[in-house]
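Here is the structure we will look at, set down as structure tokens.
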2 protein chains.
Amino acid sequence: MTQSCHHICVTRDDYAGVELTFLLGLGFQLVLGEFTRRLADAGQGDLRPVHGMAFQALKGDGATATELAERLGVTKQAAGQIVDDLERRGYVRREPHPGGGRRKLVVLTAAAREHLLVAGRVLHELEAELAGSADVGALRRELSRVVRALHGEGGLPPLRPVW
Amino acid sequence: MTQSCHHICVTRDDYAGVELTFLLGLGFQLVLGEFTRRLADAGQGDLRPVHGMAFQALKGDGATATELAERLGVTKQAAGQIVDDLERRGYVRREPHPGGGRRKLVVLTAAAREHLLVAGRVLHELEAELAGSADVGALRRELSRVVRALHGEGGLPPLRPVW
DNA sequence: CTACTTAGTCAAGGTGCTTTACTCGCAGTG
DNA sequence: CACTGCGAGTAAAGCACCTTGACTAAGTAG
């Protein structure tokens, strides 16, 4: 049932006694840690992953703070605070919204677009290097199946701080 | 280089456009969310994952607050606060340390051991169910390889809140 | 006895989010 | 025209959780 393979396992590579949930968390933590480390080395050490997520959500035509909140899975106040911070540091601007009303359109500056480029490059380099140690294709496939099993077919849910 | 398989991919199952790092985070978040949900259904809703980690670290002969801090990867003050909380709610006791000194031995009560049993059962049930949708063996194998590649052969690092 | 080390604790501070409550701009209705 | 309501934004306070800094207590080595 729980495939406790005390005698069968031949690969010494699967941390057989470690919970899958723990292994998932460790994998994420280590990959994300390596990502932020390389990002800092590339001169982007003043932005945390959540900022990159925000940039992704604003990429293209921008969005209102409320839309950003939905895409990040936080309250609109939290999104407003993130925008305050990013605006103060020159990564986004608040412009009048073409649709009028009280809305403001949050758009990326060149610095944010530069960050997106660097982060994308770092992520792809990291994945390519991991492909030397693991079967990244299989990993992606199985992770996708797990995500689908737990969340269904709809669009991906927002990635939030985990606990 | 980045194995952008626009033409080759036949499995529509790998969220080809999604970053591996994102997929890892999503997988962890969803599995952990399902875990805590089931734990709450099993009447253990007043304990967060970090408490389960603490119980694991204390299982057996117990430990001092400082040892707990090392195993959780936090400061000894933070460990002390966690112990305060758990003691107040009856999950651990502070006993005089057999080795003397100023040390105190933090040991689990029956309630904590019960939690460990339930949590272990839930984790194994969850993994068994996921095995119906994904190749859990392959997932464990590839995650293990990633962990090994990024952390080396030494013992597993503590699992910390991720950002 | 003094000096150093180690474990524990108290207090303050910081971060990042939430909840509560408000203000502003606009649309619809009588 | 006011009047009502609503959606977006913001201000303030609170909370969960961790850190840093400073201190006390107990043991140990010189």
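In the structure tokens, chains take the letters A, B, ... in the order shown, each chain's residues start at 1, and ligands count up from 1 in the order shown.
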
**OP:** Pull out every residue of chain B sitting within 7 Å of chain D, counting only C-alpha atoms (C1' of nucleotides), and send them as number ranges by chain.
**Re:** B: 78, 101-102

Subject >> Residues of chain A within 10 Å of chain C, only C-alpha atoms (C1' of nucleotides) counted, as a ChimeraX atom specification >> reply: /A:74-75,77-78,81-82,100-103

With chain B as the partner and 7 Å as the cut-off, tabulate the residues of chain A that qualify, each row holding the nearest pair of atoms and their distance in Å to one decimal, using only C-alpha atoms, sorted by chain and rising number, as JSON lines.
{"residue": "A:Met1", "atom": "CA", "partner": "B:Ala128", "partner_atom": "CA", "distance": 6.5}
{"residue": "A:Thr2", "atom": "CA", "partner": "B:His124", "partner_atom": "CA", "distance": 5.8}
{"residue": "A:Asp13", "atom": "CA", "partner": "B:Arg141", "partner_atom": "CA", "distance": 6.1}
{"residue": "A:Asp14", "atom": "CA", "partner": "B:Arg141", "partner_atom": "CA", "distance": 4.6}
{"residue": "A:Tyr15", "atom": "CA", "partner": "B:Ser144", "partner_atom": "CA", "distance": 6.5}
{"residue": "A:Leu20", "atom": "CA", "partner": "B:Arg140", "partner_atom": "CA", "distance": 6.7}
{"residue": "A:Thr21", "atom": "CA", "partner": "B:Val31", "partner_atom": "CA", "distance": 6.6}
{"residue": "A:Leu23", "atom": "CA", "partner": "B:Leu143", "partner_atom": "CA", "distance": 6.7}
{"residue": "A:Leu24", "atom": "CA", "partner": "B:Phe28", "partner_atom": "CA", "distance": 5.4}
{"residue": "A:Gly25", "atom": "CA", "partner": "B:Phe28", "partner_atom": "CA", "distance": 5.6}
{"residue": "A:Leu26", "atom": "CA", "partner": "B:Leu159", "partner_atom": "CA", "distance": 6.0}
{"residue": "A:Gly27", "atom": "CA", "partner": "B:Val147", "partner_atom": "CA", "distance": 5.6}
{"residue": "A:Phe28", "atom": "CA", "partner": "B:Leu24", "partner_atom": "CA", "distance": 5.4}
{"residue": "A:Gln29", "atom": "CA", "partner": "B:Val162", "partner_atom": "CA", "distance": 5.9}
{"residue": "A:Leu30", "atom": "CA", "partner": "B:Leu150", "partner_atom": "CA", "distance": 6.5}
{"residue": "A:Val31", "atom": "CA", "partner": "B:Thr21", "partner_atom": "CA", "distance": 6.6}
{"residue": "A:Leu32", "atom": "CA", "partner": "B:Thr21", "partner_atom": "CA", "distance": 6.7}
{"residue": "A:His124", "atom": "CA", "partner": "B:Thr2", "partner_atom": "CA", "distance": 5.8}
{"residue": "A:Glu127", "atom": "CA", "partner": "B:Leu20", "partner_atom": "CA", "distance": 7.0}
{"residue": "A:Ala128", "atom": "CA", "partner": "B:Thr2", "partner_atom": "CA", "distance": 5.8}
{"residue": "A:Leu130", "atom": "CA", "partner": "B:Val146", "partner_atom": "CA", "distance": 6.7}
{"residue": "A:Ser133", "atom": "CA", "partner": "B:Arg145", "partner_atom": "CA", "distance": 6.2}
{"residue": "A:Ala134", "atom": "CA", "partner": "B:Arg145", "partner_atom": "CA", "distance": 5.5}
{"residue": "A:Asp135", "atom": "CA", "partner": "B:Glu142", "partner_atom": "CA", "distance": 6.3}
{"residue": "A:Leu139", "atom": "CA", "partner": "B:Glu142", "partner_atom": "CA", "distance": 5.8}
{"residue": "A:Arg140", "atom": "CA", "partner": "B:Asp14", "partner_atom": "CA", "distance": 5.5}
{"residue": "A:Arg141", "atom": "CA", "partner": "B:Asp14", "partner_atom": "CA", "distance": 4.6}
{"residue": "A:Glu142", "atom": "CA", "partner": "B:Ala134", "partner_atom": "CA", "distance": 5.6}
{"residue": "A:Leu143", "atom": "CA", "partner": "B:Gly27", "partner_atom": "CA", "distance": 6.1}
{"residue": "A:Ser144", "atom": "CA", "partner": "B:Asp14", "partner_atom": "CA", "distance": 5.3}
{"residue": "A:Arg145", "atom": "CA", "partner": "B:Ala134", "partner_atom": "CA", "distance": 5.5}
{"residue": "A:Val146", "atom": "CA", "partner": "B:Ala134", "partner_atom": "CA", "distance": 6.2}
{"residue": "A:Val147", "atom": "CA", "partner": "B:Gly27", "partner_atom": "CA", "distance": 5.6}
{"residue": "A:Ala149", "atom": "CA", "partner": "B:Ser133", "partner_atom": "CA", "distance": 6.4}
{"residue": "A:Leu150", "atom": "CA", "partner": "B:Leu30", "partner_atom": "CA", "distance": 6.5}
{"residue": "A:Leu159", "atom": "CA", "partner": "B:Leu26", "partner_atom": "CA", "distance": 6.0}
{"residue": "A:Pro161", "atom": "CA", "partner": "B:Trp163", "partner_atom": "CA", "distance": 6.0}
{"residue": "A:Val162", "atom": "CA", "partner": "B:Gln29", "partner_atom": "CA", "distance": 5.8}
{"residue": "A:Trp163", "atom": "CA", "partner": "B:Pro161", "partner_atom": "CA", "distance": 6.0}

Original post:
Hey, can you check how far atom CA of A:Glu67 sits from atom CA of A:Gly99?
Top reply: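 These atoms are spaced 14.0 Å apart.
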
All in-order C-alpha pairs, least squares, chain A moved onto chain B. Output the fitted coordinates as a PDB file with C-alpha atoms, in the first residue's frame, please.
ATOM      1  CA  MET A   1      19.544  23.753 -24.489  1.00  0.00           C
ATOM      2  CA  THR A   2      16.414  24.679 -22.661  1.00  0.00           C
ATOM      3  CA  GLN A   3      14.524  21.883 -24.386  1.00  0.00           C
ATOM      4  CA  SER A   4      11.795  24.192 -25.656  1.00  0.00           C
ATOM      5  CA  CYS A   5       9.839  21.473 -27.385  1.00  0.00           C
ATOM      6  CA  HIS A   6       7.355  23.362 -29.491  1.00  0.00           C
ATOM      7  CA  HIS A   7       6.986  20.620 -32.045  1.00  0.00           C
ATOM      8  CA  ILE A   8       8.367  17.517 -30.416  1.00  0.00           C
ATOM      9  CA  CYS A   9       6.314  17.168 -27.260  1.00  0.00           C
ATOM     10  CA  VAL A  10       3.640  14.562 -27.557  1.00  0.00           C
ATOM     11  CA  THR A  11       2.568  14.444 -23.936  1.00  0.00           C
ATOM     12  CA  ARG A  12       0.209  17.326 -23.262  1.00  0.00           C
ATOM     13  CA  ASP A  13       0.851  16.604 -19.639  1.00  0.00           C
ATOM     14  CA  ASP A  14       3.975  18.532 -18.794  1.00  0.00           C
ATOM     15  CA  TYR A  15       2.950  22.190 -18.719  1.00  0.00           C
ATOM     16  CA  ALA A  16       5.774  22.750 -21.180  1.00  0.00           C
ATOM     17  CA  GLY A  17       5.691  26.521 -20.850  1.00  0.00           C
ATOM     18  CA  VAL A  18       5.833  26.538 -17.063  1.00  0.00           C
ATOM     19  CA  GLU A  19       9.157  26.935 -15.289  1.00  0.00           C
ATOM     20  CA  LEU A  20      10.360  23.845 -13.453  1.00  0.00           C
ATOM     21  CA  THR A  21      10.861  25.918 -10.307  1.00  0.00           C
ATOM     22  CA  PHE A  22       7.268  27.108 -10.451  1.00  0.00           C
ATOM     23  CA  LEU A  23       6.040  23.582 -11.024  1.00  0.00           C
ATOM     24  CA  LEU A  24       7.983  22.349  -8.014  1.00  0.00           C
ATOM     25  CA  GLY A  25       6.485  25.073  -5.848  1.00  0.00           C
ATOM     26  CA  LEU A  26       2.981  24.350  -7.058  1.00  0.00           C
ATOM     27  CA  GLY A  27       3.374  20.651  -6.471  1.00  0.00           C
ATOM     28  CA  PHE A  28       4.601  21.224  -2.956  1.00  0.00           C
ATOM     29  CA  GLN A  29       1.932  23.796  -2.207  1.00  0.00           C
ATOM     30  CA  LEU A  30      -0.893  21.603  -3.451  1.00  0.00           C
ATOM     31  CA  VAL A  31       0.314  18.447  -1.721  1.00  0.00           C
ATOM     32  CA  LEU A  32       0.938  20.297   1.531  1.00  0.00           C
ATOM     33  CA  GLY A  33      -2.431  21.990   1.285  1.00  0.00           C
ATOM     34  CA  GLU A  34      -4.175  18.672   0.810  1.00  0.00           C
ATOM     35  CA  PHE A  35      -2.185  17.260   3.710  1.00  0.00           C
ATOM     36  CA  THR A  36      -3.178  20.013   6.144  1.00  0.00           C
ATOM     37  CA  ARG A  37      -6.782  19.819   4.960  1.00  0.00           C
ATOM     38  CA  ARG A  38      -6.955  16.113   5.705  1.00  0.00           C
ATOM     39  CA  LEU A  39      -5.167  16.613   8.974  1.00  0.00           C
ATOM     40  CA  ALA A  40      -7.815  19.155   9.970  1.00  0.00           C
ATOM     41  CA  ASP A  41     -10.534  16.688   8.975  1.00  0.00           C
ATOM     42  CA  ALA A  42      -8.848  14.171  11.246  1.00  0.00           C
ATOM     43  CA  GLY A  43      -9.160  16.572  14.170  1.00  0.00           C
ATOM     44  CA  GLN A  44      -5.580  17.841  14.065  1.00  0.00           C
ATOM     45  CA  GLY A  45      -6.377  21.250  12.669  1.00  0.00           C
ATOM     46  CA  ASP A  46      -4.679  23.140  15.471  1.00  0.00           C
ATOM     47  CA  LEU A  47      -1.184  22.047  14.456  1.00  0.00           C
ATOM     48  CA  ARG A  48       0.726  23.416  11.481  1.00  0.00           C
ATOM     49  CA  PRO A  49       3.319  21.464   9.507  1.00  0.00           C
ATOM     50  CA  VAL A  50       6.164  23.063  11.433  1.00  0.00           C
ATOM     51  CA  HIS A  51       4.763  21.527  14.596  1.00  0.00           C
ATOM     52  CA  GLY A  52       4.873  18.101  13.014  1.00  0.00           C
ATOM     53  CA  MET A  53       8.475  18.782  12.043  1.00  0.00           C
ATOM     54  CA  ALA A  54       9.217  19.698  15.658  1.00  0.00           C
ATOM     55  CA  PHE A  55       7.569  16.496  16.861  1.00  0.00           C
ATOM     56  CA  GLN A  56       9.727  14.520  14.461  1.00  0.00           C
ATOM     57  CA  ALA A  57      12.812  16.262  15.798  1.00  0.00           C
ATOM     58  CA  LEU A  58      11.809  15.492  19.406  1.00  0.00           C
ATOM     59  CA  LYS A  59      10.665  11.932  18.799  1.00  0.00           C
ATOM     60  CA  GLY A  60      12.574   9.352  20.791  1.00  0.00           C
ATOM     61  CA  ASP A  61      14.516  10.781  23.670  1.00  0.00           C
ATOM     62  CA  GLY A  62      13.524  14.414  23.245  1.00  0.00           C
ATOM     63  CA  ALA A  63      16.001  17.241  22.882  1.00  0.00           C
ATOM     64  CA  THR A  64      16.979  20.592  24.297  1.00  0.00           C
ATOM     65  CA  ALA A  65      15.560  23.752  22.791  1.00  0.00           C
ATOM     66  CA  THR A  66      18.919  24.519  21.221  1.00  0.00           C
ATOM     67  CA  GLU A  67      19.131  21.089  19.606  1.00  0.00           C
ATOM     68  CA  LEU A  68      15.594  21.542  18.326  1.00  0.00           C
ATOM     69  CA  ALA A  69      16.610  24.894  16.842  1.00  0.00           C
ATOM     70  CA  GLU A  70      19.460  23.265  14.906  1.00  0.00           C
ATOM     71  CA  ARG A  71      17.197  20.522  13.583  1.00  0.00           C
ATOM     72  CA  LEU A  72      14.545  23.006  12.474  1.00  0.00           C
ATOM     73  CA  GLY A  73      17.029  25.499  11.084  1.00  0.00           C
ATOM     74  CA  VAL A  74      15.848  28.429  13.214  1.00  0.00           C
ATOM     75  CA  THR A  75      17.326  30.428  16.089  1.00  0.00           C
ATOM     76  CA  LYS A  76      17.157  29.007  19.582  1.00  0.00           C
ATOM     77  CA  GLN A  77      14.772  31.832  20.503  1.00  0.00           C
ATOM     78  CA  ALA A  78      12.368  30.793  17.782  1.00  0.00           C
ATOM     79  CA  ALA A  79      12.617  27.201  18.966  1.00  0.00           C
ATOM     80  CA  GLY A  80      11.894  28.405  22.484  1.00  0.00           C
ATOM     81  CA  GLN A  81       8.777  30.190  21.275  1.00  0.00           C
ATOM     82  CA  ILE A  82       7.593  27.083  19.468  1.00  0.00           C
ATOM     83  CA  VAL A  83       8.157  25.044  22.615  1.00  0.00           C
ATOM     84  CA  ASP A  84       6.306  27.659  24.693  1.00  0.00           C
ATOM     85  CA  ASP A  85       3.335  27.364  22.379  1.00  0.00           C
ATOM     86  CA  LEU A  86       3.355  23.575  22.267  1.00  0.00           C
ATOM     87  CA  GLU A  87       3.805  23.325  26.028  1.00  0.00           C
ATOM     88  CA  ARG A  88       0.921  25.689  26.694  1.00  0.00           C
ATOM     89  CA  ARG A  89      -1.288  23.516  24.498  1.00  0.00           C
ATOM     90  CA  GLY A  90      -0.142  20.276  26.074  1.00  0.00           C
ATOM     91  CA  TYR A  91       1.918  18.739  23.276  1.00  0.00           C
ATOM     92  CA  VAL A  92       5.317  18.836  24.991  1.00  0.00           C
ATOM     93  CA  ARG A  93       6.759  19.074  28.492  1.00  0.00           C
ATOM     94  CA  ARG A  94       9.987  20.631  29.724  1.00  0.00           C
ATOM     95  CA  GLU A  95      11.740  18.247  32.071  1.00  0.00           C
ATOM     96  CA  PRO A  96      14.997  18.660  33.959  1.00  0.00           C
ATOM     97  CA  HIS A  97      17.815  17.464  31.760  1.00  0.00           C
ATOM     98  CA  PRO A  98      19.575  14.309  33.014  1.00  0.00           C
ATOM     99  CA  GLY A  99      22.894  15.853  32.021  1.00  0.00           C
ATOM    100  CA  GLY A 100      22.319  18.714  34.447  1.00  0.00           C
ATOM    101  CA  GLY A 101      23.354  22.245  33.803  1.00  0.00           C
ATOM    102  CA  ARG A 102      20.808  24.787  32.779  1.00  0.00           C
ATOM    103  CA  ARG A 103      19.518  22.485  30.101  1.00  0.00           C
ATOM    104  CA  LYS A 104      15.925  21.308  29.904  1.00  0.00           C
ATOM    105  CA  LEU A 105      14.798  18.270  28.007  1.00  0.00           C
ATOM    106  CA  VAL A 106      11.769  18.861  25.819  1.00  0.00           C
ATOM    107  CA  VAL A 107       9.756  15.655  25.482  1.00  0.00           C
ATOM    108  CA  LEU A 108       6.551  14.791  23.661  1.00  0.00           C
ATOM    109  CA  THR A 109       3.268  14.084  25.408  1.00  0.00           C
ATOM    110  CA  ALA A 110       0.810  11.428  24.292  1.00  0.00           C
ATOM    111  CA  ALA A 111      -1.098  14.048  22.284  1.00  0.00           C
ATOM    112  CA  ALA A 112       1.979  14.765  20.183  1.00  0.00           C
ATOM    113  CA  ARG A 113       2.660  11.082  19.595  1.00  0.00           C
ATOM    114  CA  GLU A 114      -0.936  10.696  18.510  1.00  0.00           C
ATOM    115  CA  HIS A 115      -0.463  13.539  16.051  1.00  0.00           C
ATOM    116  CA  LEU A 116       2.619  11.866  14.620  1.00  0.00           C
ATOM    117  CA  LEU A 117       0.652   8.681  14.076  1.00  0.00           C
ATOM    118  CA  VAL A 118      -2.244  10.453  12.367  1.00  0.00           C
ATOM    119  CA  ALA A 119       0.029  12.624  10.241  1.00  0.00           C
ATOM    120  CA  GLY A 120       2.037   9.620   9.130  1.00  0.00           C
ATOM    121  CA  ARG A 121      -1.107   7.770   8.169  1.00  0.00           C
ATOM    122  CA  VAL A 122      -2.452  10.764   6.227  1.00  0.00           C
ATOM    123  CA  LEU A 123       0.837  11.221   4.389  1.00  0.00           C
ATOM    124  CA  HIS A 124       0.916   7.606   3.328  1.00  0.00           C
ATOM    125  CA  GLU A 125      -2.709   7.622   2.251  1.00  0.00           C
ATOM    126  CA  LEU A 126      -2.090  10.752   0.214  1.00  0.00           C
ATOM    127  CA  GLU A 127       0.973   9.292  -1.469  1.00  0.00           C
ATOM    128  CA  ALA A 128      -0.901   6.077  -2.226  1.00  0.00           C
ATOM    129  CA  GLU A 129      -3.735   8.039  -3.837  1.00  0.00           C
ATOM    130  CA  LEU A 130      -1.324  10.126  -5.891  1.00  0.00           C
ATOM    131  CA  ALA A 131       0.155   6.883  -7.161  1.00  0.00           C
ATOM    132  CA  GLY A 132      -3.107   6.493  -9.057  1.00  0.00           C
ATOM    133  CA  SER A 133      -2.417   9.650 -11.073  1.00  0.00           C
ATOM    134  CA  ALA A 134       1.372   9.823 -11.265  1.00  0.00           C
ATOM    135  CA  ASP A 135       4.397   7.588 -11.152  1.00  0.00           C
ATOM    136  CA  VAL A 136       5.341   8.314  -7.575  1.00  0.00           C
ATOM    137  CA  GLY A 137       8.410   6.147  -7.775  1.00  0.00           C
ATOM    138  CA  ALA A 138       9.785   8.164 -10.675  1.00  0.00           C
ATOM    139  CA  LEU A 139       8.857  11.400  -8.917  1.00  0.00           C
ATOM    140  CA  ARG A 140      10.711  10.362  -5.760  1.00  0.00           C
ATOM    141  CA  ARG A 141      13.700   9.272  -7.797  1.00  0.00           C
ATOM    142  CA  GLU A 142      14.019  12.506  -9.737  1.00  0.00           C
ATOM    143  CA  LEU A 143      13.381  14.676  -6.700  1.00  0.00           C
ATOM    144  CA  SER A 144      16.073  12.756  -4.849  1.00  0.00           C
ATOM    145  CA  ARG A 145      18.505  13.384  -7.656  1.00  0.00           C
ATOM    146  CA  VAL A 146      17.734  17.082  -7.667  1.00  0.00           C
ATOM    147  CA  VAL A 147      18.215  17.249  -3.902  1.00  0.00           C
ATOM    148  CA  ARG A 148      21.493  15.406  -4.168  1.00  0.00           C
ATOM    149  CA  ALA A 149      22.696  17.619  -6.983  1.00  0.00           C
ATOM    150  CA  LEU A 150      22.007  20.812  -5.066  1.00  0.00           C
ATOM    151  CA  HIS A 151      22.832  19.746  -1.551  1.00  0.00           C
ATOM    152  CA  GLY A 152      25.336  16.908  -1.836  1.00  0.00           C
ATOM    153  CA  GLU A 153      25.496  13.595  -0.089  1.00  0.00           C
ATOM    154  CA  GLY A 154      25.310  14.766   3.509  1.00  0.00           C
ATOM    155  CA  GLY A 155      22.209  14.446   5.656  1.00  0.00           C
ATOM    156  CA  LEU A 156      19.105  16.251   4.539  1.00  0.00           C
ATOM    157  CA  PRO A 157      18.948  19.967   5.335  1.00  0.00           C
ATOM    158  CA  PRO A 158      16.105  21.346   7.442  1.00  0.00           C
ATOM    159  CA  LEU A 159      12.935  22.198   5.557  1.00  0.00           C
ATOM    160  CA  ARG A 160      12.180  25.861   6.080  1.00  0.00           C
ATOM    161  CA  PRO A 161       9.394  28.215   5.029  1.00  0.00           C
ATOM    162  CA  VAL A 162      10.267  28.941   1.473  1.00  0.00           C
ATOM    163  CA  TRP A 163      10.012  32.646   0.971  1.00  0.00           C
TER     164      TRP A 163
END

**OP:** List every residue of chain A that DSSP, applied to the backbone of this structure, assigns to strand (DSSP E or B), and report them as a VMD selection string.
**Re:** chain A and resid 63 92 to 96 104 to 108

Kindly export the residues of the current selection with C-alpha atoms, as an mmCIF file, in the first residue's frame.
data_model
loop_
_atom_site.group_PDB
_atom_site.id
_atom_site.type_symbol
_atom_site.label_atom_id
_atom_site.label_comp_id
_atom_site.auth_asym_id
_atom_site.auth_seq_id
_atom_site.Cartn_x
_atom_site.Cartn_y
_atom_site.Cartn_z
ATOM 1 C CA ALA A 63 -3.074 45.575 -14.574
ATOM 2 C CA VAL A 92 6.627 49.932 -11.736
ATOM 3 C CA ARG A 93 4.614 53.081 -12.384
ATOM 4 C CA ARG A 94 0.994 53.891 -11.612
ATOM 5 C CA GLU A 95 -0.637 55.458 -14.636
ATOM 6 C CA PRO A 96 -4.177 56.720 -15.101
ATOM 7 C CA LYS A 104 -4.913 53.021 -11.924
ATOM 8 C CA LEU A 105 -2.939 50.933 -14.340
ATOM 9 C CA VAL A 106 0.239 49.489 -12.882
ATOM 10 C CA VAL A 107 2.849 49.057 -15.611
ATOM 11 C CA LEU A 108 6.413 47.779 -15.605
#

Original post:
Got a sec to tell me which of stretch 93-139 of chain B DSSP assigns to helix (DSSP H, G or I), as number ranges by chain?
Top reply: B: 110-130, 136-139

Could the residues in this selection be written to a file with C-alpha atoms, as a JSON list (two decimals), in the first residue's frame?
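Output (result_30.json):
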[["chain", "number", "residue", "atom", "x", "y", "z"],
["B", 110, "ALA", "CA", 0.83, 11.40, 24.30],
["B", 111, "ALA", "CA", -1.09, 14.04, 22.32],
["B", 112, "ALA", "CA", 1.98, 14.77, 20.21],
["B", 113, "ARG", "CA", 2.67, 11.09, 19.59],
["B", 114, "GLU", "CA", -0.94, 10.70, 18.52],
["B", 115, "HIS", "CA", -0.47, 13.56, 16.08],
["B", 116, "LEU", "CA", 2.60, 11.89, 14.63],
["B", 117, "LEU", "CA", 0.63, 8.69, 14.09],
["B", 118, "VAL", "CA", -2.27, 10.45, 12.40],
["B", 119, "ALA", "CA", -0.01, 12.64, 10.27],
["B", 120, "GLY", "CA", 2.00, 9.63, 9.14],
["B", 121, "ARG", "CA", -1.13, 7.76, 8.20],
["B", 122, "VAL", "CA", -2.48, 10.77, 6.26],
["B", 123, "LEU", "CA", 0.80, 11.23, 4.41],
["B", 124, "HIS", "CA", 0.88, 7.61, 3.34],
["B", 125, "GLU", "CA", -2.75, 7.61, 2.28],
["B", 126, "LEU", "CA", -2.14, 10.74, 0.24],
["B", 127, "GLU", "CA", 0.92, 9.29, -1.44],
["B", 128, "ALA", "CA", -0.94, 6.07, -2.20],
["B", 129, "GLU", "CA", -3.78, 8.01, -3.80],
["B", 130, "LEU", "CA", -1.39, 10.11, -5.86],
["B", 136, "VAL", "CA", 5.28, 8.33, -7.54],
["B", 137, "GLY", "CA", 8.38, 6.17, -7.76],
["B", 138, "ALA", "CA", 9.73, 8.18, -10.65],
["B", 139, "LEU", "CA", 8.80, 11.42, -8.90]]
